[in-house]
Every structure is written in structure tokens, then in C-alpha cells.
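In what follows, a single structure is set out as C-alpha cells and then discussed.
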Amino acid sequence: MISIQTADFAPDVEYQALRGEGEDTGAIVTFTGLVRDFGDRQGVTGLFLEHYPGMTEQAIQALIDQAHQRWQIQRTRVIHRVGNLDLGERIVFVGVASAHRKDAFAACEYLIDALKASVPLWKKERGTDGDHWVEQKASDRQPGF
Amino acid sequence: MISIQTADFAPDVEYQALRGEGEDTGAIVTFTGLVRDFGDRQGVTGLFLEHYPGMTEQAIQALIDQAHQRWQIQRTRVIHRVGNLDLGERIVFVGVASAHRKDAFAACEYLIDALKASVPLWKKERGTDGDHWVEQKASDRQPGF
Amino acid sequence: MSETTVTVLFFARLREELETDRLTLPVSPGDTVGDVLSRLAARGGRWAQLQGDQPVMIAVNQTMARPGTALSGDDEVAFFPPVTGG
Amino acid sequence: MSETTVTVLFFARLREELETDRLTLPVSPGDTVGDVLSRLAARGGRWAQLQGDQPVMIAVNQTMARPGTALSGDDEVAFFPPVTGG
């Protein structure tokens, strides 16, 4: 499940969806990203997030397909919020269910790393010294992109 | 927060506790382990979990102290259930909050790996061919323990 | 021969600085993304940054592309800064 | 001189197979965990496994220990199989 949405989401709803109906799931790993009060600069008061409707969802689906090829995983949920977000709000959720914990950890970390490197989403920090578009960190870059 | 308990726990309550009151948290990573229908053998119908009251909590606290030394993390929650558990039930929860996602992932995976290797907890599988105590996997062993 | 056009989209910092989120450009057979970039950069002013020092990412029909990618009529071309989601 | 004792605890498979979760044993000055293990194993039957092929983990006062660890009066000694939680 992939969703790009302005609305918030609920961790327990996502957990239930990842758990599924069967009894072959042994591990659920989730990552939640929050708006924090420092980023490129200090004094961040909120974020504005923009995406490329259509391509964003396709790019995330391609990452999920790759994760299914590389690891033994059962279900994934990726939610990314867009629009204006305040401090402390949830920005992004990546959840992976697997029979095995190592696959769940590896796939979850891969999905959020690859999302930051290659999915068309852009963050603008609103701050005490004005607004500015966040620059991509060298550590978030992927070779060949 | 460490809890060894027979009762279940709620992902959203744990999420809220990890989120904390401040606005410096950027990443929350959680691991949930579930009872699945195969383990050492096929046909698992449930688990019985035993612990060493007192030592179990101390051993988990020592792991959390080590995680705080190795990574920049803000809050942790470790919950492990004991007693009889049915298929699909939650067994264990490890949650880590950090300013940075890589620290949150690394500390969360470390805590569950080290817990499996070195914390006095034992699992008995109840199954269609009787009950048996689970053997420690070579991959879960830690040198020197 | 009827005119062939592509739609060009801009996102994030580029969208704001160019004060444009979408435009339609005529293209000729054999034109590449690089040709479109050159034509837009030649407008001067803020448009020059499309061939400046800062990296510009390219997508054609919602798939990552390069300046050498050839264009066809009705293609959707997008230019945007390196991504920063997550 | 009053008698000195330690409490010995067993967990999981050992607890079940020895049909014992706790017992009290006299110790002499200088006794180690290994001495206690030998004395218990000498009971024979299921107790022999305490010095058998399967690994037996040791804790003294709720901290991991080794056969060479020296014991004092009122120590809490625990024997258990390799852990399998999580």
C-alpha cells in the first residue's frame, strides 16, 4: 500500500494492516519520520512538502518491487504526507512485515533510504529566518541517480 | 522503559511514549515480534515463554545502556511478554527514538539481536507433535556469551 | 505537418524561482531533453540556471531520464532539484 | 562456624528435566560454581547433564558467570540453557 496524502495516519491502523490475516508473520519493522526543530538550519518551525503526482507513487512502487526481489517480505506500507506540517507531526511511515526479522529490518531501511535518494518529494523548511528549500545531503544521494 | 509482562501492549501507546514531549525527535523505529506458525518445527500452535525475574530486566537495561553509548538515541521501549501466547500474538516490542534515522535503525536492530543472544528468556513451542523447548540458533549466538 | 509539442513541468525550488509550474513547448523530430533545456536556458535571467552549476534532475513520462533522452510528441518532461523527501 | 549456603535456581528445559526450580546447597570457603555443578552432576540420572554435552549457562547474583567464579554465602546461582527470547 502506497499513499501520498495531506492527512495524518495512525500507527495502530498501519500495524494491523501489516500484521495481515495469516499466521506466518514473525516480524514487523516500522520507521516513522517526524518534523523536528532543526534540519539544514536551527529554528525550524515547520515544513512544506511537495511531490510529483503520479511519478511519486510509481517511484515508490518500483522500490517496493525491488525490496520484494531482494528480501523475503510479505507486506509493505509506505505513507508520505505532503503540504504544510507543523513541528512534531508525522511526515513519513514505512512498514514491512516478514517471517524473519533480518529481512524486515533490511527492507524497511532500504525503502526509506531509497525514498530519500530517488523519489520525487521536496521539503521546504519554514523557519525563524524565513523559508528555504532543503538541499539533498551527500549521504542521501545514490550513485547513478 | 522495560517491561516483562503477560498482558498484551498497544502499538499506538508505545509510539506516543517514544515520540516524547519535545520536538527534537526525527525518527522512530519499532520492531514487533509475533508468534508465527512455524519455528524450529512446522505446526506450531502457540508458545510458552519463561524468564528469570530480576535478571531479565537488568540484562535488558544493560543493553539499553550500551545502545545509548554507541548511538545518538533519545528514548527506548522494550516490552517482552511471558507465559502462554497464541498464534499471531505479539511477543516482543523494541522501539527507539532518535534525531537521526540511521541511529534509530542501528540501535533498534542491535537491541533485538542482543536480546535474543543474551537476555534470560526461553521459548517453548507448543505444536501438533507436542511441546519442545526451542534451541538457540547459531545465528543468534554472541561471542563470549 | 501538424505541430508536435511536449508538456514541461517544474517542481519545488525550480517551480518557485521560474514562477512556472507547467508550459507547452514545440519540438522537432530528433529533439532531446538537452535541446529543450538549452532553449529554456537561452531565455536568460532565472532560466539560465537550467544549465547552471546546480544539478537539475530530469524525468520523461514520469521515469528518470538524461539530457540525451529523445523526445516524442505529447511527452511529459519534468525538471526538478535533487529530491529531499523522507 | 555457622553453615554457609547458596540458592541454586534452574530455568526452562533444565527446570523441567530436573523437576526442580530452586534448592539450597551448603558451600565451603573457596568453592566455585564448578564445584557446585560437579556436586549436582554426581547425583546421577538427569542431573548428570549439568556436566554433559549440552551447554549450561551460569549466572551468579543475576550476572553472567563461569565455572571458575568463586562463591560466597547467600549467593544466588542460576543454571539455564542458552537463551531463546525475542
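In the C-alpha cells, chains take letters A, B, ... by order of appearance, with residues numbered from 1 within each chain and ligands from 1 in the order shown.
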As a compact mmCIF listing (two decimals) with all heavy atoms, in the first residue's frame, please: every residue in segment 14-124 of chain B that DSSP puts in alpha helix (DSSP H).
```txt
# COMPACT_ATOMS: atom_id res chain seq x y z
N GLU B 14 2.73 2.81 22.62
CA GLU B 14 4.20 2.77 22.60
C GLU B 14 4.74 3.88 21.70
O GLU B 14 5.74 4.53 22.03
CB GLU B 14 4.70 1.40 22.10
CG GLU B 14 4.29 0.25 23.00
CD GLU B 14 4.52 0.57 24.46
OE1 GLU B 14 5.61 1.05 24.80
OE2 GLU B 14 3.59 0.37 25.27
N TYR B 15 4.09 4.08 20.56
CA TYR B 15 4.52 5.15 19.66
C TYR B 15 4.48 6.50 20.37
O TYR B 15 5.42 7.29 20.29
CB TYR B 15 3.63 5.18 18.40
CG TYR B 15 3.95 6.37 17.55
CD1 TYR B 15 5.00 6.33 16.65
CD2 TYR B 15 3.25 7.56 17.72
CE1 TYR B 15 5.33 7.44 15.90
CE2 TYR B 15 3.58 8.68 16.98
CZ TYR B 15 4.62 8.61 16.08
OH TYR B 15 4.96 9.72 15.37
N GLN B 16 3.39 6.78 21.07
CA GLN B 16 3.26 8.08 21.75
C GLN B 16 4.36 8.26 22.79
O GLN B 16 4.91 9.35 22.94
CB GLN B 16 1.89 8.21 22.43
CG GLN B 16 0.77 8.62 21.47
CD GLN B 16 1.09 9.87 20.66
OE1 GLN B 16 1.73 10.80 21.12
NE2 GLN B 16 0.67 9.89 19.40
N ALA B 17 4.66 7.20 23.52
CA ALA B 17 5.70 7.28 24.56
C ALA B 17 7.07 7.53 23.92
O ALA B 17 7.88 8.29 24.45
CB ALA B 17 5.72 5.99 25.37
N LEU B 18 7.32 6.92 22.77
CA LEU B 18 8.61 7.12 22.10
C LEU B 18 8.72 8.53 21.54
O LEU B 18 9.80 9.11 21.51
CB LEU B 18 8.76 6.11 20.95
CG LEU B 18 9.07 4.69 21.39
CD1 LEU B 18 8.82 3.70 20.26
CD2 LEU B 18 10.52 4.59 21.87
N ARG B 19 7.61 9.06 21.07
CA ARG B 19 7.59 10.39 20.47
C ARG B 19 8.01 11.46 21.49
O ARG B 19 8.67 12.43 21.13
CB ARG B 19 6.16 10.64 19.98
CG ARG B 19 6.05 11.74 18.96
CD ARG B 19 4.62 12.22 18.91
NE ARG B 19 4.52 13.61 18.54
CZ ARG B 19 5.18 14.61 19.13
NH1 ARG B 19 6.02 14.38 20.09
NH2 ARG B 19 5.00 15.85 18.71
N MET B 55 16.79 -10.63 36.78
CA MET B 55 17.94 -10.66 35.88
C MET B 55 17.54 -10.25 34.46
O MET B 55 18.30 -9.55 33.77
CB MET B 55 18.61 -12.03 35.86
CG MET B 55 19.83 -12.02 34.93
SD MET B 55 20.85 -13.50 35.02
CE MET B 55 22.01 -13.15 33.68
N THR B 56 16.35 -10.68 34.02
CA THR B 56 15.90 -10.34 32.66
C THR B 56 15.87 -8.82 32.47
O THR B 56 16.41 -8.28 31.50
CB THR B 56 14.51 -10.96 32.40
OG1 THR B 56 14.59 -12.35 32.66
CG2 THR B 56 14.06 -10.72 30.97
N GLU B 57 15.25 -8.13 33.41
CA GLU B 57 15.15 -6.67 33.33
C GLU B 57 16.54 -6.02 33.38
O GLU B 57 16.83 -5.08 32.62
CB GLU B 57 14.29 -6.13 34.48
CG GLU B 57 12.80 -6.52 34.39
CD GLU B 57 12.47 -7.88 35.00
OE1 GLU B 57 13.39 -8.72 35.21
OE2 GLU B 57 11.28 -8.13 35.27
N GLN B 58 17.40 -6.52 34.29
CA GLN B 58 18.76 -5.96 34.40
C GLN B 58 19.55 -6.16 33.11
O GLN B 58 20.29 -5.27 32.69
CB GLN B 58 19.54 -6.67 35.51
CG GLN B 58 19.26 -6.19 36.90
CD GLN B 58 20.11 -6.96 37.91
OE1 GLN B 58 21.31 -7.16 37.72
NE2 GLN B 58 19.48 -7.40 38.98
N ALA B 59 19.40 -7.33 32.49
CA ALA B 59 20.16 -7.62 31.27
C ALA B 59 19.69 -6.71 30.13
O ALA B 59 20.50 -6.23 29.33
CB ALA B 59 19.99 -9.09 30.89
N ILE B 60 18.37 -6.46 30.07
CA ILE B 60 17.86 -5.56 29.03
C ILE B 60 18.35 -4.13 29.28
O ILE B 60 18.76 -3.42 28.36
CB ILE B 60 16.31 -5.62 28.95
CG1 ILE B 60 15.88 -7.01 28.48
CG2 ILE B 60 15.77 -4.53 28.02
CD1 ILE B 60 14.37 -7.25 28.56
N GLN B 61 18.34 -3.73 30.57
CA GLN B 61 18.82 -2.38 30.90
C GLN B 61 20.29 -2.21 30.49
O GLN B 61 20.68 -1.15 29.97
CB GLN B 61 18.65 -2.09 32.39
CG GLN B 61 18.98 -0.65 32.77
CD GLN B 61 18.11 0.36 32.03
OE1 GLN B 61 16.88 0.28 32.07
NE2 GLN B 61 18.73 1.30 31.31
N ALA B 62 21.09 -3.25 30.68
CA ALA B 62 22.50 -3.17 30.28
C ALA B 62 22.62 -2.98 28.77
O ALA B 62 23.47 -2.21 28.29
CB ALA B 62 23.24 -4.43 30.73
N LEU B 63 21.76 -3.64 28.01
CA LEU B 63 21.79 -3.48 26.54
C LEU B 63 21.39 -2.06 26.14
O LEU B 63 21.98 -1.46 25.24
CB LEU B 63 20.86 -4.49 25.87
CG LEU B 63 21.17 -5.97 26.09
CD1 LEU B 63 20.15 -6.84 25.36
CD2 LEU B 63 22.59 -6.30 25.63
N ILE B 64 20.38 -1.53 26.82
CA ILE B 64 19.93 -0.16 26.52
C ILE B 64 21.05 0.83 26.84
O ILE B 64 21.31 1.77 26.07
CB ILE B 64 18.63 0.16 27.30
CG1 ILE B 64 17.47 -0.68 26.73
CG2 ILE B 64 18.32 1.66 27.25
CD1 ILE B 64 16.18 -0.57 27.51
N ASP B 65 21.74 0.61 27.98
CA ASP B 65 22.86 1.49 28.33
C ASP B 65 23.93 1.45 27.24
O ASP B 65 24.48 2.48 26.85
CB ASP B 65 23.47 1.08 29.68
CG ASP B 65 22.51 1.31 30.85
OD1 ASP B 65 21.50 2.02 30.66
OD2 ASP B 65 22.76 0.76 31.93
N GLN B 66 24.21 0.25 26.74
CA GLN B 66 25.21 0.13 25.67
C GLN B 66 24.75 0.85 24.40
O GLN B 66 25.54 1.50 23.72
CB GLN B 66 25.48 -1.34 25.36
CG GLN B 66 26.36 -2.01 26.40
CD GLN B 66 26.45 -3.52 26.21
OE1 GLN B 66 26.40 -4.02 25.10
NE2 GLN B 66 26.57 -4.24 27.31
N ALA B 67 23.46 0.72 24.09
CA ALA B 67 22.94 1.39 22.89
C ALA B 67 23.09 2.90 23.01
O ALA B 67 23.44 3.58 22.05
CB ALA B 67 21.48 1.00 22.66
N HIS B 68 22.82 3.43 24.22
CA HIS B 68 22.98 4.89 24.41
C HIS B 68 24.43 5.32 24.25
O HIS B 68 24.71 6.43 23.83
CB HIS B 68 22.45 5.31 25.79
CG HIS B 68 20.97 5.55 25.82
ND1 HIS B 68 20.39 6.71 25.37
CD2 HIS B 68 19.94 4.75 26.21
CE1 HIS B 68 19.07 6.64 25.51
NE2 HIS B 68 18.78 5.45 26.02
N GLN B 69 25.36 4.43 24.61
CA GLN B 69 26.78 4.77 24.42
C GLN B 69 27.19 4.74 22.96
O GLN B 69 28.00 5.54 22.51
CB GLN B 69 27.67 3.82 25.23
CG GLN B 69 27.72 4.19 26.72
CD GLN B 69 28.36 3.09 27.55
OE1 GLN B 69 29.14 2.30 27.05
NE2 GLN B 69 28.01 3.04 28.83
N ARG B 70 26.63 3.77 22.21
CA ARG B 70 27.08 3.59 20.82
C ARG B 70 26.38 4.51 19.83
O ARG B 70 26.93 4.81 18.78
CB ARG B 70 26.83 2.15 20.38
CG ARG B 70 27.79 1.18 21.02
CD ARG B 70 27.54 -0.23 20.59
NE ARG B 70 27.72 -0.45 19.16
CZ ARG B 70 27.63 -1.65 18.59
NH1 ARG B 70 27.39 -2.72 19.34
NH2 ARG B 70 27.79 -1.81 17.30
N ARG B 101 17.68 8.92 11.60
CA ARG B 101 17.14 7.59 11.31
C ARG B 101 18.18 6.48 11.39
O ARG B 101 17.86 5.38 11.82
CB ARG B 101 16.41 7.57 9.97
CG ARG B 101 17.28 7.40 8.73
CD ARG B 101 16.43 7.39 7.48
NE ARG B 101 17.18 7.17 6.27
CZ ARG B 101 17.98 8.06 5.68
NH1 ARG B 101 18.16 9.25 6.23
NH2 ARG B 101 18.61 7.77 4.56
N LYS B 102 19.42 6.75 10.99
CA LYS B 102 20.40 5.66 10.98
C LYS B 102 20.69 5.18 12.40
O LYS B 102 20.86 3.98 12.64
CB LYS B 102 21.68 6.08 10.26
CG LYS B 102 21.44 6.20 8.76
CD LYS B 102 22.70 6.28 7.93
CE LYS B 102 22.36 6.49 6.46
NZ LYS B 102 21.48 5.41 5.89
N ASP B 103 20.74 6.11 13.36
CA ASP B 103 20.93 5.72 14.76
C ASP B 103 19.74 4.93 15.26
O ASP B 103 19.91 3.95 16.00
CB ASP B 103 21.14 6.97 15.62
CG ASP B 103 22.46 7.65 15.31
OD1 ASP B 103 22.50 8.47 14.37
OD2 ASP B 103 23.45 7.35 15.97
N ALA B 104 18.53 5.36 14.89
CA ALA B 104 17.33 4.65 15.36
C ALA B 104 17.30 3.22 14.81
O ALA B 104 17.02 2.27 15.56
CB ALA B 104 16.07 5.41 14.94
N PHE B 105 17.60 3.05 13.52
CA PHE B 105 17.62 1.69 12.94
C PHE B 105 18.70 0.83 13.61
O PHE B 105 18.45 -0.30 14.00
CB PHE B 105 17.90 1.75 11.43
CG PHE B 105 16.66 1.82 10.59
CD1 PHE B 105 16.33 2.99 9.91
CD2 PHE B 105 15.83 0.72 10.45
CE1 PHE B 105 15.19 3.06 9.12
CE2 PHE B 105 14.69 0.78 9.66
CZ PHE B 105 14.36 1.96 9.00
N ALA B 106 19.91 1.38 13.71
CA ALA B 106 21.03 0.59 14.23
C ALA B 106 20.76 0.17 15.67
O ALA B 106 20.98 -0.98 16.04
CB ALA B 106 22.33 1.39 14.14
N ALA B 107 20.27 1.09 16.50
CA ALA B 107 20.05 0.77 17.91
C ALA B 107 18.90 -0.22 18.06
O ALA B 107 18.98 -1.14 18.89
CB ALA B 107 19.76 2.05 18.69
N CYS B 108 17.84 -0.08 17.27
CA CYS B 108 16.70 -0.99 17.38
C CYS B 108 17.12 -2.41 16.99
O CYS B 108 16.82 -3.37 17.70
CB CYS B 108 15.56 -0.50 16.49
SG CYS B 108 14.03 -1.45 16.67
N GLU B 109 17.87 -2.53 15.88
CA GLU B 109 18.28 -3.88 15.46
C GLU B 109 19.28 -4.47 16.46
O GLU B 109 19.22 -5.66 16.77
CB GLU B 109 18.88 -3.82 14.05
CG GLU B 109 19.05 -5.21 13.47
CD GLU B 109 19.20 -5.23 11.94
OE1 GLU B 109 19.41 -4.15 11.33
OE2 GLU B 109 19.11 -6.33 11.37
N TYR B 110 20.18 -3.62 16.97
CA TYR B 110 21.12 -4.10 17.99
C TYR B 110 20.36 -4.65 19.21
O TYR B 110 20.69 -5.74 19.72
CB TYR B 110 22.05 -2.96 18.43
CG TYR B 110 22.81 -3.28 19.69
CD1 TYR B 110 23.93 -4.11 19.65
CD2 TYR B 110 22.41 -2.77 20.92
CE1 TYR B 110 24.62 -4.42 20.82
CE2 TYR B 110 23.10 -3.06 22.08
CZ TYR B 110 24.21 -3.89 22.02
OH TYR B 110 24.88 -4.20 23.17
N LEU B 111 19.37 -3.91 19.68
CA LEU B 111 18.67 -4.31 20.90
C LEU B 111 17.97 -5.66 20.72
O LEU B 111 18.05 -6.52 21.60
CB LEU B 111 17.67 -3.24 21.34
CG LEU B 111 18.28 -1.99 21.96
CD1 LEU B 111 17.21 -0.92 22.22
CD2 LEU B 111 19.00 -2.33 23.29
N ILE B 112 17.30 -5.87 19.59
CA ILE B 112 16.60 -7.15 19.44
C ILE B 112 17.60 -8.28 19.18
O ILE B 112 17.43 -9.39 19.71
CB ILE B 112 15.48 -7.08 18.37
CG1 ILE B 112 14.73 -8.41 18.26
CG2 ILE B 112 15.99 -6.66 17.01
CD1 ILE B 112 13.95 -8.78 19.51
N ASP B 113 18.67 -8.01 18.43
CA ASP B 113 19.69 -9.06 18.21
C ASP B 113 20.33 -9.46 19.55
O ASP B 113 20.50 -10.64 19.84
CB ASP B 113 20.80 -8.55 17.28
CG ASP B 113 20.35 -8.51 15.82
OD1 ASP B 113 19.23 -8.95 15.52
OD2 ASP B 113 21.14 -8.02 14.99
N ALA B 114 20.71 -8.45 20.35
CA ALA B 114 21.40 -8.73 21.62
C ALA B 114 20.44 -9.38 22.61
O ALA B 114 20.84 -10.26 23.38
CB ALA B 114 21.98 -7.44 22.18
N LEU B 115 19.17 -8.96 22.57
CA LEU B 115 18.18 -9.58 23.45
C LEU B 115 18.09 -11.08 23.15
O LEU B 115 18.10 -11.91 24.07
CB LEU B 115 16.82 -8.89 23.27
CG LEU B 115 15.67 -9.35 24.16
CD1 LEU B 115 14.72 -8.19 24.44
CD2 LEU B 115 14.88 -10.51 23.57
N LYS B 116 18.02 -11.43 21.88
CA LYS B 116 17.93 -12.84 21.50
C LYS B 116 19.18 -13.62 21.90
O LYS B 116 19.14 -14.82 22.10
CB LYS B 116 17.73 -12.98 19.99
CG LYS B 116 16.29 -12.75 19.57
CD LYS B 116 16.14 -12.88 18.07
CE LYS B 116 14.71 -12.62 17.64
NZ LYS B 116 13.90 -13.85 17.53
N ALA B 117 20.32 -12.93 21.98
CA ALA B 117 21.58 -13.61 22.25
C ALA B 117 21.88 -13.73 23.73
O ALA B 117 22.53 -14.68 24.16
CB ALA B 117 22.73 -12.87 21.57
N SER B 118 21.41 -12.77 24.53
CA SER B 118 21.99 -12.69 25.88
C SER B 118 21.02 -12.39 27.02
O SER B 118 21.47 -12.26 28.16
CB SER B 118 23.10 -11.62 25.87
OG SER B 118 22.52 -10.34 25.79
```
What lies within 12 Å of Ala48 of chain C using only C-alpha atoms, ignoring chain neighbours under 3 positions off, as a PyMOL selection string?
chain C and resi 14+17-18+37-45+51-54+56
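Going from atom CA of Val134 of chain A over to atom CA of Asp40 of chain A, you cover 6.6 Å.
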Considering only C-alpha atoms, give me a table of residues in chain A that are at most 12 Å from chain D, with the closest atom pair and distance in Å for each, as JSON lines.
```
{"residue": "A:Gly26", "atom": "CA", "partner": "D:Gly86", "partner_atom": "CA", "distance": 10.3}
{"residue": "A:Ala27", "atom": "CA", "partner": "D:Gly86", "partner_atom": "CA", "distance": 10.2}
{"residue": "A:His100", "atom": "CA", "partner": "D:Gly86", "partner_atom": "CA", "distance": 11.7}
{"residue": "A:Arg101", "atom": "CA", "partner": "D:Gly86", "partner_atom": "CA", "distance": 10.1}
```
For the residues in that selection, give me C-alpha atoms as a PDB file, in the first residue's frame.
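This went into again12.pdb:
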```pdb
ATOM      1  CA  GLY A  26       7.099 -13.165  12.619  1.00  0.00           C
ATOM      2  CA  ALA A  27       8.457  -9.610  12.386  1.00  0.00           C
ATOM      3  CA  HIS A 100      12.128 -13.100   9.536  1.00  0.00           C
ATOM      4  CA  ARG A 101      13.381 -10.051  11.402  1.00  0.00           C
TER       5      ARG A 101
END
```
Counting only C-alpha atoms, what are the residues of chain A within 7 Å of chain B, and for each of them which pair of atoms is the nearest and at what distance in Å, to one decimal? Sort the table by chain and rising number, as JSON lines.
```
{"residue": "A:Pro11", "atom": "CA", "partner": "B:Asp12", "partner_atom": "CA", "distance": 5.6}
{"residue": "A:Asp12", "atom": "CA", "partner": "B:Asp12", "partner_atom": "CA", "distance": 5.2}
{"residue": "A:Glu23", "atom": "CA", "partner": "B:Arg36", "partner_atom": "CA", "distance": 5.2}
{"residue": "A:Asp24", "atom": "CA", "partner": "B:Arg36", "partner_atom": "CA", "distance": 4.9}
{"residue": "A:Thr25", "atom": "CA", "partner": "B:Arg36", "partner_atom": "CA", "distance": 5.7}
{"residue": "A:Gly26", "atom": "CA", "partner": "B:Leu34", "partner_atom": "CA", "distance": 4.7}
{"residue": "A:Ala27", "atom": "CA", "partner": "B:Gly33", "partner_atom": "CA", "distance": 4.7}
{"residue": "A:Ile28", "atom": "CA", "partner": "B:Thr32", "partner_atom": "CA", "distance": 5.1}
{"residue": "A:Val29", "atom": "CA", "partner": "B:Phe31", "partner_atom": "CA", "distance": 4.6}
{"residue": "A:Thr30", "atom": "CA", "partner": "B:Thr30", "partner_atom": "CA", "distance": 5.2}
{"residue": "A:Phe31", "atom": "CA", "partner": "B:Val29", "partner_atom": "CA", "distance": 4.6}
{"residue": "A:Thr32", "atom": "CA", "partner": "B:Ile28", "partner_atom": "CA", "distance": 5.1}
{"residue": "A:Gly33", "atom": "CA", "partner": "B:Ala27", "partner_atom": "CA", "distance": 4.7}
{"residue": "A:Leu34", "atom": "CA", "partner": "B:Gly26", "partner_atom": "CA", "distance": 4.7}
{"residue": "A:Val35", "atom": "CA", "partner": "B:Gly26", "partner_atom": "CA", "distance": 6.1}
{"residue": "A:Arg36", "atom": "CA", "partner": "B:Asp24", "partner_atom": "CA", "distance": 4.9}
{"residue": "A:Asp37", "atom": "CA", "partner": "B:Asp24", "partner_atom": "CA", "distance": 5.7}
{"residue": "A:Leu87", "atom": "CA", "partner": "B:Glu23", "partner_atom": "CA", "distance": 6.3}
{"residue": "A:Gly88", "atom": "CA", "partner": "B:Glu23", "partner_atom": "CA", "distance": 5.4}
```
I need the residues in chain D that are strand (DSSP E or B) according to DSSP; give them as an mmCIF file with N, CA and C atoms, in the first residue's frame.
```cif
data_model
loop_
_atom_site.group_PDB
_atom_site.id
_atom_site.type_symbol
_atom_site.label_atom_id
_atom_site.label_comp_id
_atom_site.auth_asym_id
_atom_site.auth_seq_id
_atom_site.Cartn_x
_atom_site.Cartn_y
_atom_site.Cartn_z
ATOM 1 N N THR D 5 25.360 -21.160 52.888
ATOM 2 C CA THR D 5 24.607 -21.792 51.800
ATOM 3 C C THR D 5 24.449 -20.834 50.621
ATOM 4 N N VAL D 6 24.216 -21.428 49.456
ATOM 5 C CA VAL D 6 23.820 -20.643 48.281
ATOM 6 C C VAL D 6 22.476 -21.170 47.797
ATOM 7 N N THR D 7 21.741 -20.274 47.134
ATOM 8 C CA THR D 7 20.486 -20.675 46.490
ATOM 9 C C THR D 7 20.799 -20.993 45.033
ATOM 10 N N VAL D 8 20.281 -22.126 44.573
ATOM 11 C CA VAL D 8 20.508 -22.500 43.171
ATOM 12 C C VAL D 8 19.160 -22.526 42.447
ATOM 13 N N LEU D 9 19.101 -21.813 41.322
ATOM 14 C CA LEU D 9 17.870 -21.742 40.521
ATOM 15 C C LEU D 9 18.073 -22.446 39.174
ATOM 16 N N PHE D 10 17.007 -23.043 38.669
ATOM 17 C CA PHE D 10 17.032 -23.679 37.345
ATOM 18 C C PHE D 10 15.903 -23.110 36.514
ATOM 19 N N ARG D 22 14.348 -24.629 42.362
ATOM 20 C CA ARG D 22 15.167 -23.938 43.345
ATOM 21 C C ARG D 22 15.608 -24.930 44.413
ATOM 22 N N LEU D 23 16.875 -24.824 44.854
ATOM 23 C CA LEU D 23 17.317 -25.611 46.005
ATOM 24 C C LEU D 23 18.400 -24.845 46.746
ATOM 25 N N THR D 24 18.694 -25.274 47.959
ATOM 26 C CA THR D 24 19.708 -24.613 48.775
ATOM 27 C C THR D 24 20.833 -25.606 49.005
ATOM 28 N N LEU D 25 22.074 -25.164 48.783
ATOM 29 C CA LEU D 25 23.235 -26.048 48.919
ATOM 30 C C LEU D 25 24.250 -25.442 49.875
ATOM 31 N N PRO D 26 24.883 -26.253 50.737
ATOM 32 C CA PRO D 26 25.969 -25.739 51.568
ATOM 33 C C PRO D 26 27.215 -25.524 50.707
ATOM 34 N N THR D 32 33.766 -22.975 44.067
ATOM 35 C CA THR D 32 33.414 -22.252 42.835
ATOM 36 C C THR D 32 32.092 -22.786 42.283
ATOM 37 N N MET D 57 24.350 -22.465 30.843
ATOM 38 C CA MET D 57 24.717 -21.083 31.141
ATOM 39 C C MET D 57 24.649 -20.882 32.651
ATOM 40 N N ILE D 58 25.482 -19.965 33.125
ATOM 41 C CA ILE D 58 25.598 -19.736 34.568
ATOM 42 C C ILE D 58 25.422 -18.247 34.872
ATOM 43 N N ALA D 59 24.624 -17.950 35.901
ATOM 44 C CA ALA D 59 24.590 -16.582 36.426
ATOM 45 C C ALA D 59 24.823 -16.650 37.927
ATOM 46 N N VAL D 60 25.577 -15.706 38.463
ATOM 47 C CA VAL D 60 25.737 -15.572 39.908
ATOM 48 C C VAL D 60 25.259 -14.178 40.286
ATOM 49 N N THR D 63 24.179 -12.012 37.328
ATOM 50 C CA THR D 63 25.161 -11.573 36.339
ATOM 51 C C THR D 63 25.789 -12.818 35.736
ATOM 52 N N MET D 64 26.027 -12.817 34.423
ATOM 53 C CA MET D 64 26.602 -13.992 33.774
ATOM 54 C C MET D 64 27.939 -14.340 34.421
ATOM 55 N N ALA D 65 28.187 -15.642 34.609
ATOM 56 C CA ALA D 65 29.385 -16.096 35.314
ATOM 57 C C ALA D 65 29.943 -17.335 34.616
ATOM 58 N N ALA D 70 34.119 -17.777 41.959
ATOM 59 C CA ALA D 70 34.083 -18.172 43.373
ATOM 60 C C ALA D 70 32.762 -17.755 44.002
ATOM 61 N N GLU D 76 23.179 -16.109 44.879
ATOM 62 C CA GLU D 76 22.122 -16.721 44.067
ATOM 63 C C GLU D 76 22.768 -17.219 42.788
ATOM 64 N N VAL D 77 22.795 -18.544 42.632
ATOM 65 C CA VAL D 77 23.401 -19.160 41.452
ATOM 66 C C VAL D 77 22.280 -19.667 40.557
ATOM 67 N N ALA D 78 22.373 -19.402 39.255
ATOM 68 C CA ALA D 78 21.331 -19.899 38.346
ATOM 69 C C ALA D 78 21.967 -20.677 37.206
ATOM 70 N N PHE D 79 21.336 -21.797 36.838
ATOM 71 C CA PHE D 79 21.761 -22.610 35.694
ATOM 72 C C PHE D 79 20.611 -22.649 34.691
ATOM 73 N N PHE D 80 20.946 -22.414 33.425
ATOM 74 C CA PHE D 80 19.879 -22.418 32.407
ATOM 75 C C PHE D 80 20.447 -22.698 31.018
#
```
Name the residues in contact with Arg126 of chain A at a cut-off of 9 Å, using only C-alpha atoms, excluding same-chain residues fewer than 5 positions from it; report them as a list in words.
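Result of the neighbour search: Gly43, Val44, Thr45, Gly46, Leu47, Phe48, Asp131, His132 and Trp133 of chain A.
Atom CA of Glu19 of chain C sits 22.0 Å away from atom CA of Gly127 of chain A.
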One number please: atom CA of Gln136 of chain A to atom CA of Arg41 of chain A, in Å, one decimal.
13.4 Å
